[in-house]
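I have placed the structure first, in the form of structure tokens, so that the comments after it can refer back to it.
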Amino acid sequence: MVTNSMGTNGESNMISQEQFYHQHEHPDSKSKERMWKAIRSQIRQPGASLLYIESKRSFIYGIAAALLLYFTSVGVYITIGQAIESGKPQEVRFNEAYQSAIQDFEKVLPQLTNGMFANEKERDYVRVRKEQLAKIDAAIMSFLSERGKGDVSPLAQSRLRNLYSMKLQVLQQLINQGEIEL
């Protein structure tokens with residue numbers, strides 16, 4: 001332990017380098033040069049590459065862990081979604097399939113305008129089909145609001161499937177009659 005205390009006459013009691021080391025224990029100039037050269041080679045120079053990675057192994061382990069976490073998360077998400085989907089009653093899945101098919105048909109069908117048809121008969125035909133679609137949509141909406149989401153009775157499911165089927169038939173008739181080109 002080095003202390004810096006003053007003696008009785010004002011002299012310092014601190015140990016100096018000359019008192020602690022003997023002259024033959026000091027490194028010579030060649031040893032000092034080698035020592036400092038080794039130290040400088042171990043110290044990273046300022047202005048080195050921005051992409052320099054100090055510990056490549058740690059970096060690779062981090063990337064691997066991130067990828068593993070990502071793929072695990074995606075797998076869990078998909079598995080939970082499939083479990084929820086398969087947990088629904090079959091009647092509900094049928095209704096969703098009909099709704100999906102109707103939405104796909106409606107995406108394919110452009111908005112019908114009265115000005116694109118050559119004669120009055122074609123315009124009347126499309127107007128009647130549009131009215132049918134509107135009435136079927138209204139019937140489906142009123143039926144769904146009356147029965148509630150939890151009713152999966154066979155009679156209610158049959159009635160709902162009939163309404164969906166009628167809507168699909170009207171959409172198919174519009175396509176088959178050639179009024180709408182895909």
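Every chain in the structure tokens takes a letter, A first, then B, and so on in the order presented; its residues are numbered from 1, and the ligands are numbered from 1 following the presented order.
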
**Prompt:** Near range 167-171 of chain A, counting only C-alpha atoms, which residues have an atom at most 10 Å away, once you skip same-chain residues fewer than 6 positions from it, shown as a PyMOL selection string?
**Reply:** chain A and resi 98-99+101-103+105-106+109+129-130+132-137+140+161+180

**Request:** To one decimal in Å, tell me the separation between CA of Met141 in chain A and CA of Gly81 in chain A.
**Result:**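 Here the two named atoms are 26.9 Å from each other.
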
**Message:** Among range 21-153 of chain A, which ones does DSSP assign to alpha helix (DSSP H) (computed from the backbone)? Answer as an NGL selection string.
**Reply:** :A and (29-42 or 56-86 or 90-108 or 120-147)

**Prompt:** To one decimal place, how far is CA of Glu131 in chain A from CA of Ser158 in chain A in Å?
**Reply:**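 Atom-to-atom, CA of Glu131 in chain A to CA of Ser158 in chain A, that is 23.3 Å.
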
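Take CA of Val128 in chain A and CA of Gln172 in chain A: the distance between them is 14.3 Å.
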